[in-house]
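Structure record follows, encoded as structure tokens.
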Amino acid sequence: MNPSHRSYHASFILDNRGKEETVDQIVEGIKKVITEIKGEVATVENIGRKDFVRVTDRKFTGAHYVHIDFSGPAEAPAALREKLRLNGSVYRTFIQNA
């Protein structure tokens, strides 16, 4: 690991409704984005499908959750959010320092 890199724990809620893309393909795409922003993926944990506690859309009551631990430069979280913002398969992104 690069000494100037920081460790992050990211949680993603994935939405593959109506898409041919599998959850594994979406995760591979996220990992590719992390390497594009000069990050290094440490671990990937697919939590599986969970129902939402608070449903805002009756047609979308649950989704797949994935946790990814990675290291990257200080600007990595903002860059990752920006690159995934237009990705319709990533419903929500939460990133925190590990």
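Starting from 1 in every chain, residues are counted up; chains themselves are A, B, ... following the order of the structure tokens, and ligands are numbered from 1 as listed.
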DSSP on the backbone, then: every residue of region 30-94 of chain A marked strand (DSSP E), written as an NGL selection string. :A and (40-51 or 62-72 or 90-94)
Test item: residues at most 9 Å from Pro73 (chain A), only C-alpha atoms, excluding those fewer than 2 positions along its chain, as a PyMOL selection string: chain A and resi 2+4-7+37-39+71+75-77
Shell of 10 Å around Leu80 (chain A), only C-alpha atoms, local chain residues under 2 positions omitted, as a ChimeraX atom specification: /A:10,30,33-37,39,75-78,82-85,93,95
Return as CSV the residues of region 33-83 of chain A lying at most 12 Å from region 19-23 of chain A, together with the closest atom-to-atom pair for each and the distance in Å to one decimal, counting only C-alpha atoms, with rows in chain order and ascending residue number.
```
residue,atom,partner,partner_atom,distance
A:Glu45,CA,A:Val23,CA,11.8
A:Asn46,CA,A:Val23,CA,8.9
A:Ile47,CA,A:Val23,CA,11.1
A:Gly48,CA,A:Val23,CA,9.3
A:Arg49,CA,A:Val23,CA,10.2
A:Ala63,CA,A:Val23,CA,10.2
A:His64,CA,A:Val23,CA,7.6
A:Tyr65,CA,A:Val23,CA,9.4
A:Val66,CA,A:Val23,CA,9.1
```
Write the residues of the selection above to a file with C-alpha atoms, as a PDB file, in the first residue's frame.
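File out07.pdb, as written:
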```
ATOM      1  CA  GLU A  45     -18.081  -8.592   0.703  1.00  0.00           C
ATOM      2  CA  ASN A  46     -21.403  -9.280  -0.991  1.00  0.00           C
ATOM      3  CA  ILE A  47     -23.979  -9.021   1.798  1.00  0.00           C
ATOM      4  CA  GLY A  48     -26.820 -10.171  -0.438  1.00  0.00           C
ATOM      5  CA  ARG A  49     -30.322  -8.873  -0.926  1.00  0.00           C
ATOM      6  CA  ALA A  63     -31.642  -4.335  -3.071  1.00  0.00           C
ATOM      7  CA  HIS A  64     -28.229  -6.014  -2.998  1.00  0.00           C
ATOM      8  CA  TYR A  65     -25.703  -4.623  -0.532  1.00  0.00           C
ATOM      9  CA  VAL A  66     -21.944  -4.811  -1.115  1.00  0.00           C
TER      10      VAL A  66
END
```
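We find CA of Ile68 (chain A) and CA of Val55 (chain A) to be spaced 24.4 Å apart.
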To one decimal in Å, tell me the separation between CA of Ala74 (chain A) and CA of Gln96 (chain A). 11.6 Å
Residue nearest Val90 (chain A) - candidates A:Asp15, A:His9, A:Val41, A:Asp24, atoms counted: only C-alpha atoms: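 Looking only at the distances to Val90 (chain A), the closest residue turns out to be A:Asp15.
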Distance of CA of Arg92 (chain A) from CA of Val27 (chain A), expressed in Å to one decimal place: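 Atom-to-atom, CA of Val27 (chain A) and CA of Arg92 (chain A) are spaced 13.3 Å apart.
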Among listed residues A:Phe70, A:Ile26, A:Ile13, A:Arg81, nearest Asp51 (chain A) (using only C-alpha atoms):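 Closest to Asp51 (chain A), using only C-alpha atoms: A:Ile13.
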Determine which residues of region 12-51 of chain A receive a DSSP assignment of alpha helix (DSSP H), computed from the backbone, and state them as a ChimeraX atom specification. /A:23-36
